[in-house]
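Colleague: start-v1.cif is reproduced below (mmCIF, C-alpha atoms; chains and numbers go by the auth columns).
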```cif
data_query
#
loop_
_atom_site.group_PDB
_atom_site.id
_atom_site.type_symbol
_atom_site.label_atom_id
_atom_site.label_comp_id
_atom_site.label_asym_id
_atom_site.label_seq_id
_atom_site.Cartn_x
_atom_site.Cartn_y
_atom_site.Cartn_z
_atom_site.B_iso_or_equiv
_atom_site.auth_seq_id
_atom_site.auth_asym_id
ATOM 1 C CA MET A 1 89.016 123.126 95.547 0.00 1082 A
ATOM 2 C CA THR A 2 88.392 125.697 98.245 0.00 1083 A
ATOM 3 C CA GLN A 3 88.453 124.035 101.637 0.00 1084 A
ATOM 4 C CA PRO A 4 86.233 124.731 104.630 0.00 1085 A
ATOM 5 C CA ALA A 5 87.793 126.804 107.374 0.00 1086 A
ATOM 6 C CA GLY A 6 87.953 123.706 109.530 0.00 1087 A
ATOM 7 C CA ARG A 7 86.472 124.977 112.786 0.00 1088 A
ATOM 8 C CA GLY A 8 83.076 124.559 114.363 0.00 1089 A
ATOM 9 C CA SER A 9 80.966 121.493 114.963 0.00 1090 A
ATOM 10 C CA SER A 10 80.278 118.886 112.304 0.00 1091 A
ATOM 11 C CA ALA A 11 76.550 119.038 113.145 0.00 1092 A
ATOM 12 C CA THR A 12 76.461 122.767 112.361 0.00 1093 A
ATOM 13 C CA ARG A 13 78.412 122.233 109.157 0.00 1094 A
ATOM 14 C CA ARG A 14 75.948 119.567 108.063 0.00 1095 A
ATOM 15 C CA ARG A 15 73.018 121.855 108.846 0.00 1096 A
ATOM 16 C CA ILE A 16 74.576 124.601 106.716 0.00 1097 A
ATOM 17 C CA LEU A 17 75.131 122.224 103.805 0.00 1098 A
ATOM 18 C CA GLU A 18 71.596 120.878 103.978 0.00 1099 A
ATOM 19 C CA ALA A 19 70.203 124.420 104.047 0.00 1100 A
ATOM 20 C CA ALA A 20 72.307 125.380 101.030 0.00 1101 A
ATOM 21 C CA HIS A 21 71.107 122.262 99.217 0.00 1102 A
ATOM 22 C CA ARG A 22 67.451 123.149 99.868 0.00 1103 A
ATOM 23 C CA LEU A 23 67.932 126.694 98.620 0.00 1104 A
ATOM 24 C CA LEU A 24 69.861 125.648 95.524 0.00 1105 A
ATOM 25 C CA SER A 25 67.235 123.020 94.672 0.00 1106 A
ATOM 26 C CA ASP A 26 64.534 125.642 94.121 0.00 1107 A
ATOM 27 C CA PRO A 27 64.729 126.479 90.384 0.00 1108 A
ATOM 28 C CA ALA A 28 62.524 129.544 90.834 0.00 1109 A
ATOM 29 C CA ALA A 29 64.719 131.123 93.499 0.00 1110 A
ATOM 30 C CA PRO A 30 67.870 133.195 92.959 0.00 1111 A
ATOM 31 C CA VAL A 31 71.222 131.722 93.887 0.00 1112 A
ATOM 32 C CA PRO A 32 71.381 132.170 97.664 0.00 1113 A
ATOM 33 C CA SER A 33 73.735 134.586 99.334 0.00 1114 A
ATOM 34 C CA MET A 34 75.809 133.652 102.353 0.00 1115 A
ATOM 35 C CA GLN A 35 73.325 135.607 104.481 0.00 1116 A
ATOM 36 C CA ALA A 36 70.379 133.664 103.042 0.00 1117 A
ATOM 37 C CA ILE A 37 72.122 130.353 103.698 0.00 1118 A
ATOM 38 C CA ALA A 38 72.977 131.406 107.255 0.00 1119 A
ATOM 39 C CA GLU A 39 69.352 132.311 107.899 0.00 1120 A
ATOM 40 C CA ALA A 40 68.070 129.055 106.374 0.00 1121 A
ATOM 41 C CA ALA A 41 70.489 127.082 108.554 0.00 1122 A
ATOM 42 C CA ASP A 42 69.605 129.174 111.622 0.00 1123 A
ATOM 43 C CA VAL A 43 73.212 130.153 112.239 0.00 1124 A
ATOM 44 C CA SER A 44 74.995 133.480 112.362 0.00 1125 A
ATOM 45 C CA ARG A 45 77.148 134.724 109.477 0.00 1126 A
ATOM 46 C CA GLN A 46 80.101 134.397 111.840 0.00 1127 A
ATOM 47 C CA ALA A 47 79.293 130.721 112.380 0.00 1128 A
ATOM 48 C CA LEU A 48 78.972 130.254 108.635 0.00 1129 A
ATOM 49 C CA TYR A 49 82.453 131.671 108.056 0.00 1130 A
ATOM 50 C CA LEU A 50 83.891 129.429 110.760 0.00 1131 A
ATOM 51 C CA HIS A 51 83.091 126.538 108.425 0.00 1132 A
ATOM 52 C CA PHE A 52 83.530 128.091 104.961 0.00 1133 A
ATOM 53 C CA ARG A 53 85.927 130.839 103.947 0.00 1134 A
ATOM 54 C CA ASP A 54 83.819 132.001 101.002 0.00 1135 A
ATOM 55 C CA ARG A 55 80.762 131.200 98.937 0.00 1136 A
ATOM 56 C CA ALA A 56 82.712 129.206 96.348 0.00 1137 A
ATOM 57 C CA GLY A 57 83.931 126.892 99.085 0.00 1138 A
ATOM 58 C CA LEU A 58 80.430 126.521 100.453 0.00 1139 A
ATOM 59 C CA LEU A 59 78.936 125.773 97.027 0.00 1140 A
ATOM 60 C CA LEU A 60 81.595 123.182 96.270 0.00 1141 A
ATOM 61 C CA ALA A 61 81.096 121.587 99.662 0.00 1142 A
ATOM 62 C CA THR A 62 77.343 121.482 99.039 0.00 1143 A
ATOM 63 C CA VAL A 63 77.823 119.534 95.818 0.00 1144 A
ATOM 64 C CA ASP A 64 80.245 117.202 97.629 0.00 1145 A
ATOM 65 C CA HIS A 65 77.641 116.780 100.377 0.00 1146 A
ATOM 66 C CA ILE A 66 75.032 115.756 97.820 0.00 1147 A
ATOM 67 C CA ASP A 67 77.505 113.256 96.378 0.00 1148 A
ATOM 68 C CA ASP A 68 78.350 111.880 99.809 0.00 1149 A
ATOM 69 C CA SER A 69 74.664 111.514 100.650 0.00 1150 A
ATOM 70 C CA GLY A 70 74.261 109.418 97.519 0.00 1151 A
ATOM 71 C CA ASP A 71 77.357 107.288 98.164 0.00 1152 A
ATOM 72 C CA LEU A 72 79.103 108.588 95.043 0.00 1153 A
ATOM 73 C CA ALA A 73 82.479 107.289 96.229 0.00 1154 A
ATOM 74 C CA GLU A 74 81.096 103.758 96.269 0.00 1155 A
ATOM 75 C CA GLY A 75 79.755 104.238 92.749 0.00 1156 A
ATOM 76 C CA VAL A 76 83.107 105.532 91.504 0.00 1157 A
ATOM 77 C CA SER A 77 84.844 102.531 93.058 0.00 1158 A
ATOM 78 C CA PHE A 78 82.383 100.250 91.278 0.00 1159 A
ATOM 79 C CA VAL A 79 83.358 101.887 87.963 0.00 1160 A
ATOM 80 C CA ARG A 80 87.081 101.609 88.669 0.00 1161 A
ATOM 81 C CA ASP A 81 86.785 97.985 89.771 0.00 1162 A
ATOM 82 C CA ALA A 82 85.253 96.910 86.456 0.00 1163 A
ATOM 83 C CA PRO A 83 87.129 94.020 84.849 0.00 1164 A
ATOM 84 C CA ASP A 84 87.817 95.885 81.605 0.00 1165 A
ATOM 85 C CA ALA A 85 87.453 99.283 79.958 0.00 1166 A
ATOM 86 C CA LEU A 86 84.143 98.523 78.225 0.00 1167 A
ATOM 87 C CA ALA A 87 82.545 97.383 81.458 0.00 1168 A
ATOM 88 C CA ALA A 88 83.953 100.450 83.224 0.00 1169 A
ATOM 89 C CA MET A 89 82.448 102.754 80.613 0.00 1170 A
ATOM 90 C CA ASP A 90 79.075 101.002 80.863 0.00 1171 A
ATOM 91 C CA ARG A 91 79.184 101.282 84.644 0.00 1172 A
ATOM 92 C CA PHE A 92 80.066 104.973 84.376 0.00 1173 A
ATOM 93 C CA VAL A 93 76.959 105.607 82.267 0.00 1174 A
ATOM 94 C CA GLY A 94 74.934 103.765 84.894 0.00 1175 A
ATOM 95 C CA LEU A 95 76.478 105.939 87.606 0.00 1176 A
ATOM 96 C CA VAL A 96 75.510 109.073 85.679 0.00 1177 A
ATOM 97 C CA ALA A 97 71.946 107.796 85.318 0.00 1178 A
ATOM 98 C CA TRP A 98 71.799 107.150 89.053 0.00 1179 A
ATOM 99 C CA THR A 99 73.349 110.433 90.264 0.00 1180 A
ATOM 100 C CA SER A 100 71.866 112.899 87.770 0.00 1181 A
ATOM 101 C CA PRO A 101 68.371 113.017 89.317 0.00 1182 A
ATOM 102 C CA ARG A 102 69.963 113.860 92.678 0.00 1183 A
ATOM 103 C CA ILE A 103 72.061 116.782 91.449 0.00 1184 A
ATOM 104 C CA ALA A 104 70.092 118.087 88.445 0.00 1185 A
ATOM 105 C CA ASP A 105 68.405 120.982 90.256 0.00 1186 A
ATOM 106 C CA VAL A 106 71.628 122.219 91.827 0.00 1187 A
ATOM 107 C CA ALA A 107 73.564 121.765 88.577 0.00 1188 A
ATOM 108 C CA ARG A 108 70.905 123.732 86.679 0.00 1189 A
ATOM 109 C CA THR A 109 71.068 126.576 89.195 0.00 1190 A
ATOM 110 C CA LEU A 110 74.855 126.799 89.094 0.00 1191 A
ATOM 111 C CA ASP A 111 74.970 126.565 85.309 0.00 1192 A
ATOM 112 C CA ALA A 112 72.369 129.275 84.764 0.00 1193 A
ATOM 113 C CA ALA A 113 73.963 131.810 87.085 0.00 1194 A
ATOM 114 C CA ARG A 114 77.676 131.186 86.666 0.00 1195 A
ATOM 115 C CA ALA A 115 78.251 133.622 83.774 0.00 1196 A
ATOM 116 C CA SER A 116 77.678 136.609 86.040 0.00 1197 A
ATOM 117 C CA ASP A 117 79.052 135.227 89.308 0.00 1198 A
ATOM 118 C CA PRO A 118 82.764 134.390 89.784 0.00 1199 A
ATOM 119 C CA ASP A 119 82.037 132.228 92.843 0.00 1200 A
ATOM 120 C CA LEU A 120 79.553 130.127 90.931 0.00 1201 A
ATOM 121 C CA GLU A 121 81.890 129.900 87.959 0.00 1202 A
ATOM 122 C CA ALA A 122 84.648 128.634 90.251 0.00 1203 A
ATOM 123 C CA ALA A 123 82.324 126.034 91.735 0.00 1204 A
ATOM 124 C CA TRP A 124 81.131 124.936 88.306 0.00 1205 A
ATOM 125 C CA GLN A 125 84.607 124.662 86.796 0.00 1206 A
ATOM 126 C CA ASP A 126 85.853 122.643 89.776 0.00 1207 A
ATOM 127 C CA ARG A 127 82.972 120.221 89.354 0.00 1208 A
ATOM 128 C CA MET A 128 83.501 119.900 85.604 0.00 1209 A
ATOM 129 C CA ALA A 129 87.247 119.374 85.996 0.00 1210 A
ATOM 130 C CA GLY A 130 86.667 116.487 88.378 0.00 1211 A
ATOM 131 C CA ARG A 131 84.189 114.841 86.041 0.00 1212 A
ATOM 132 C CA ARG A 132 86.497 115.309 83.070 0.00 1213 A
ATOM 133 C CA ARG A 133 89.341 113.616 84.979 0.00 1214 A
ATOM 134 C CA MET A 134 87.115 110.585 85.420 0.00 1215 A
ATOM 135 C CA CYS A 135 86.331 110.562 81.702 0.00 1216 A
ATOM 136 C CA ARG A 136 90.041 110.831 80.857 0.00 1217 A
ATOM 137 C CA GLU A 137 90.740 107.893 83.158 0.00 1218 A
ATOM 138 C CA LEU A 138 88.195 105.803 81.265 0.00 1219 A
ATOM 139 C CA VAL A 139 89.662 106.785 77.908 0.00 1220 A
ATOM 140 C CA GLY A 140 93.080 105.859 79.280 0.00 1221 A
ATOM 141 C CA ARG A 141 91.800 102.367 80.041 0.00 1222 A
ATOM 142 C CA LEU A 142 90.470 102.068 76.494 0.00 1223 A
ATOM 143 C CA ILE A 143 93.891 103.062 75.164 0.00 1224 A
ATOM 144 C CA ASP A 144 95.746 100.670 77.459 0.00 1225 A
ATOM 145 C CA GLU A 145 93.554 97.789 76.278 0.00 1226 A
ATOM 146 C CA GLY A 146 93.821 98.771 72.598 0.00 1227 A
ATOM 147 C CA ARG A 147 90.077 99.436 72.407 0.00 1228 A
ATOM 148 C CA LEU A 148 89.980 103.139 71.472 0.00 1229 A
ATOM 149 C CA ARG A 149 89.199 103.547 67.782 0.00 1230 A
ATOM 150 C CA PRO A 150 92.365 104.716 65.989 0.00 1231 A
ATOM 151 C CA GLU A 151 90.754 107.841 64.526 0.00 1232 A
ATOM 152 C CA TRP A 152 90.179 109.274 67.982 0.00 1233 A
ATOM 153 C CA ASP A 153 92.583 111.667 69.678 0.00 1234 A
ATOM 154 C CA PRO A 154 92.511 110.940 73.454 0.00 1235 A
ATOM 155 C CA ASP A 155 91.527 114.513 74.342 0.00 1236 A
ATOM 156 C CA ALA A 156 88.705 114.560 71.808 0.00 1237 A
ATOM 157 C CA ALA A 157 87.474 111.154 72.998 0.00 1238 A
ATOM 158 C CA THR A 158 87.522 112.463 76.565 0.00 1239 A
ATOM 159 C CA ASP A 159 85.550 115.531 75.522 0.00 1240 A
ATOM 160 C CA LEU A 160 82.920 113.412 73.789 0.00 1241 A
ATOM 161 C CA LEU A 161 82.545 111.064 76.756 0.00 1242 A
ATOM 162 C CA TRP A 162 82.337 114.081 79.087 0.00 1243 A
ATOM 163 C CA GLU A 163 79.639 115.762 77.007 0.00 1244 A
ATOM 164 C CA ILE A 164 77.463 112.722 76.309 0.00 1245 A
ATOM 165 C CA THR A 165 77.417 111.821 80.009 0.00 1246 A
ATOM 166 C CA SER A 166 76.688 115.363 81.223 0.00 1247 A
ATOM 167 C CA VAL A 167 73.736 116.169 83.452 0.00 1248 A
ATOM 168 C CA ARG A 168 72.510 118.469 80.678 0.00 1249 A
ATOM 169 C CA THR A 169 72.296 115.587 78.195 0.00 1250 A
ATOM 170 C CA TRP A 170 70.629 113.370 80.803 0.00 1251 A
ATOM 171 C CA GLU A 171 68.085 116.117 81.466 0.00 1252 A
ATOM 172 C CA ASP A 172 67.407 116.687 77.762 0.00 1253 A
ATOM 173 C CA LEU A 173 66.651 113.008 77.208 0.00 1254 A
ATOM 174 C CA VAL A 174 65.113 111.822 80.482 0.00 1255 A
ATOM 175 C CA VAL A 175 63.319 114.952 81.688 0.00 1256 A
ATOM 176 C CA ASP A 176 62.482 116.849 78.508 0.00 1257 A
ATOM 177 C CA ARG A 177 62.046 113.935 76.094 0.00 1258 A
ATOM 178 C CA GLU A 178 60.719 111.599 78.802 0.00 1259 A
ATOM 179 C CA TRP A 179 63.070 108.707 78.113 0.00 1260 A
ATOM 180 C CA SER A 180 63.127 106.082 80.828 0.00 1261 A
ATOM 181 C CA PRO A 181 66.380 105.774 82.793 0.00 1262 A
ATOM 182 C CA GLU A 182 66.831 102.328 81.236 0.00 1263 A
ATOM 183 C CA ALA A 183 66.399 103.680 77.694 0.00 1264 A
ATOM 184 C CA TYR A 184 68.894 106.464 78.465 0.00 1265 A
ATOM 185 C CA MET A 185 71.511 104.017 79.765 0.00 1266 A
ATOM 186 C CA THR A 186 71.097 101.597 76.875 0.00 1267 A
ATOM 187 C CA ALA A 187 71.283 104.304 74.217 0.00 1268 A
ATOM 188 C CA VAL A 188 74.279 106.124 75.698 0.00 1269 A
ATOM 189 C CA GLN A 189 76.179 102.894 76.276 0.00 1270 A
ATOM 190 C CA ARG A 190 75.491 101.858 72.675 0.00 1271 A
ATOM 191 C CA VAL A 191 76.555 105.235 71.250 0.00 1272 A
ATOM 192 C CA LEU A 192 79.793 105.234 73.224 0.00 1273 A
ATOM 193 C CA ARG A 193 80.664 101.632 72.383 0.00 1274 A
ATOM 194 C CA HIS A 194 80.049 102.089 68.660 0.00 1275 A
ATOM 195 C CA GLY A 195 81.489 105.604 68.498 0.00 1276 A
ATOM 196 C CA LEU A 196 84.622 105.287 70.581 0.00 1277 A
ATOM 197 C CA THR A 197 85.643 101.659 70.745 0.00 1278 A
ATOM 198 C CA THR A 198 86.754 98.892 68.419 0.00 1279 A
ATOM 199 C CA VAL A 199 84.158 96.497 69.824 0.00 1280 A
#
```
As structure tokens, how would this structure be written, given the file I've shared?
Modeller:
Amino acid sequence: MTQPAGRGSSATRRRILEAAHRLLSDPAAPVPSMQAIAEAADVSRQALYLHFRDRAGLLLATVDHIDDSGDLAEGVSFVRDAPDALAAMDRFVGLVAWTSPRIADVARTLDAARASDPDLEAAWQDRMAGRRRMCRELVGRLIDEGRLRPEWDPDAATDLLWEITSVRTWEDLVVDREWSPEAYMTAVQRVLRHGLTTV
């Protein structure tokens, strides 16, 4: 992950991240440039680059900022502290249901524009790699407890868990098909339990 430059005040950095979040949350607007973000945050471009070396770093930090605002780390700890792999997987689905509404607009913007923008592609791939590591960790727990169905290769099981719990799938079901969050969680938990595990 690209790191911020590490200088400048934390209050200014927060203002920049909140401005970037606002701009990225508008689905009708183009992906903001560094200049647009600087103007929205009421800082100079020089001040912007004191905090972030490039746009990829700023975009990644914006997604991290959204996560931090929603106490994602606490949610991840709740998943990892589950007493067994099945409970951890259920909790992970619940975490996805809780975080997806908060990041859906930004995720949609990054996904739509990344094919033609290397900075956005870098930000997207970093985000996806982190989420896939979490899915692989959960599959590892299933394996350790002898709960992964024998026909599943660990990588394929990780891919399936990663895809079914994606923001895109959440949006298809909850936003487009108007499922309730509870119906989404119940259905995805059921599919994963019956599809991946021996229980």
Colleague: For range 1125-1127 of chain A, list every protein, DNA or RNA residue within 9 Å, evaluated using only C-alpha atoms, and leave out those in the same chain fewer than 5 positions away; present the list as a ChimeraX atom specification.
Modeller: /A:1115-1116,1118-1120
Colleague: Just the residues within 12 Å of range 1090-1104 of chain A, please, counting only C-alpha atoms, with nothing from its chain fewer than 3 positions along; format it as a JSON list (two decimals) with C-alpha atoms, keeping the file's coordinate frame.
Modeller:
```json
[["chain", "number", "residue", "atom", "x", "y", "z"],
["A", 1085, "PRO", "CA", 86.23, 124.73, 104.63],
["A", 1086, "ALA", "CA", 87.79, 126.80, 107.37],
["A", 1087, "GLY", "CA", 87.95, 123.71, 109.53],
["A", 1107, "ASP", "CA", 64.53, 125.64, 94.12],
["A", 1108, "PRO", "CA", 64.73, 126.48, 90.38],
["A", 1109, "ALA", "CA", 62.52, 129.54, 90.83],
["A", 1110, "ALA", "CA", 64.72, 131.12, 93.50],
["A", 1111, "PRO", "CA", 67.87, 133.20, 92.96],
["A", 1112, "VAL", "CA", 71.22, 131.72, 93.89],
["A", 1113, "PRO", "CA", 71.38, 132.17, 97.66],
["A", 1114, "SER", "CA", 73.74, 134.59, 99.33],
["A", 1115, "MET", "CA", 75.81, 133.65, 102.35],
["A", 1116, "GLN", "CA", 73.32, 135.61, 104.48],
["A", 1117, "ALA", "CA", 70.38, 133.66, 103.04],
["A", 1118, "ILE", "CA", 72.12, 130.35, 103.70],
["A", 1119, "ALA", "CA", 72.98, 131.41, 107.26],
["A", 1120, "GLU", "CA", 69.35, 132.31, 107.90],
["A", 1121, "ALA", "CA", 68.07, 129.06, 106.37],
["A", 1122, "ALA", "CA", 70.49, 127.08, 108.55],
["A", 1123, "ASP", "CA", 69.60, 129.17, 111.62],
["A", 1124, "VAL", "CA", 73.21, 130.15, 112.24],
["A", 1125, "SER", "CA", 75.00, 133.48, 112.36],
["A", 1126, "ARG", "CA", 77.15, 134.72, 109.48],
["A", 1128, "ALA", "CA", 79.29, 130.72, 112.38],
["A", 1129, "LEU", "CA", 78.97, 130.25, 108.64],
["A", 1130, "TYR", "CA", 82.45, 131.67, 108.06],
["A", 1131, "LEU", "CA", 83.89, 129.43, 110.76],
["A", 1132, "HIS", "CA", 83.09, 126.54, 108.42],
["A", 1133, "PHE", "CA", 83.53, 128.09, 104.96],
["A", 1136, "ARG", "CA", 80.76, 131.20, 98.94],
["A", 1138, "GLY", "CA", 83.93, 126.89, 99.08],
["A", 1139, "LEU", "CA", 80.43, 126.52, 100.45],
["A", 1140, "LEU", "CA", 78.94, 125.77, 97.03],
["A", 1141, "LEU", "CA", 81.60, 123.18, 96.27],
["A", 1142, "ALA", "CA", 81.10, 121.59, 99.66],
["A", 1143, "THR", "CA", 77.34, 121.48, 99.04],
["A", 1144, "VAL", "CA", 77.82, 119.53, 95.82],
["A", 1145, "ASP", "CA", 80.24, 117.20, 97.63],
["A", 1146, "HIS", "CA", 77.64, 116.78, 100.38],
["A", 1147, "ILE", "CA", 75.03, 115.76, 97.82],
["A", 1148, "ASP", "CA", 77.50, 113.26, 96.38],
["A", 1149, "ASP", "CA", 78.35, 111.88, 99.81],
["A", 1150, "SER", "CA", 74.66, 111.51, 100.65],
["A", 1183, "ARG", "CA", 69.96, 113.86, 92.68],
["A", 1184, "ILE", "CA", 72.06, 116.78, 91.45],
["A", 1185, "ALA", "CA", 70.09, 118.09, 88.44],
["A", 1186, "ASP", "CA", 68.40, 120.98, 90.26],
["A", 1187, "VAL", "CA", 71.63, 122.22, 91.83],
["A", 1188, "ALA", "CA", 73.56, 121.76, 88.58],
["A", 1190, "THR", "CA", 71.07, 126.58, 89.20],
["A", 1191, "LEU", "CA", 74.86, 126.80, 89.09]]
```
Colleague: Report, in Å with one decimal, the straight-line distance from CA of Ala1163 in chain A to CA of Thr1279 in chain A.
Modeller: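 These two atoms are separated by 18.2 Å.
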Colleague: As a check of understanding, name the residues that the PyMOL selection byres ((chain A and resi 1263-1273) around 9) selects in the supplied structure, as an MDAnalysis selection string.
Modeller: chainID A and resid 1170:1171 1174:1175 1177:1178 1241:1242 1245:1246 1251 1254:1255 1260:1262 1274:1278
Colleague: Determine the residue set returned by the PyMOL selection byres ((chain A and resi 1238) around 10) for the present structure, and present it as a PyMOL selection string.
Modeller: chain A and resi 1216-1217+1219-1221+1229-1230+1232-1237+1239-1244+1273+1276-1278
Colleague: Go ahead and compute the interatomic distance for CA of Gln1206 in chain A and CA of Asp1162 in chain A, in Å to one decimal.
Modeller: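 Calculated distance between CA of Gln1206 in chain A and CA of Asp1162 in chain A is 26.9 Å.
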Colleague: Between CA of Arg1222 in chain A and CA of Trp1205 in chain A, what is the distance, to one decimal in Å?
Modeller: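 One can read the CA of Arg1222 in chain A to CA of Trp1205 in chain A distance as 26.3 Å.
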Colleague: Once 4 Å is added on each side, what centre and edge lengths in Å to one decimal does the axis-aligned box around all listed atoms of range 1143-1146 of chain A have, as JSON?
Modeller:
```
{"center_x": 78.8, "center_y": 119.1, "center_z": 98.1, "size_x": 10.9, "size_y": 12.7, "size_z": 12.6}
```
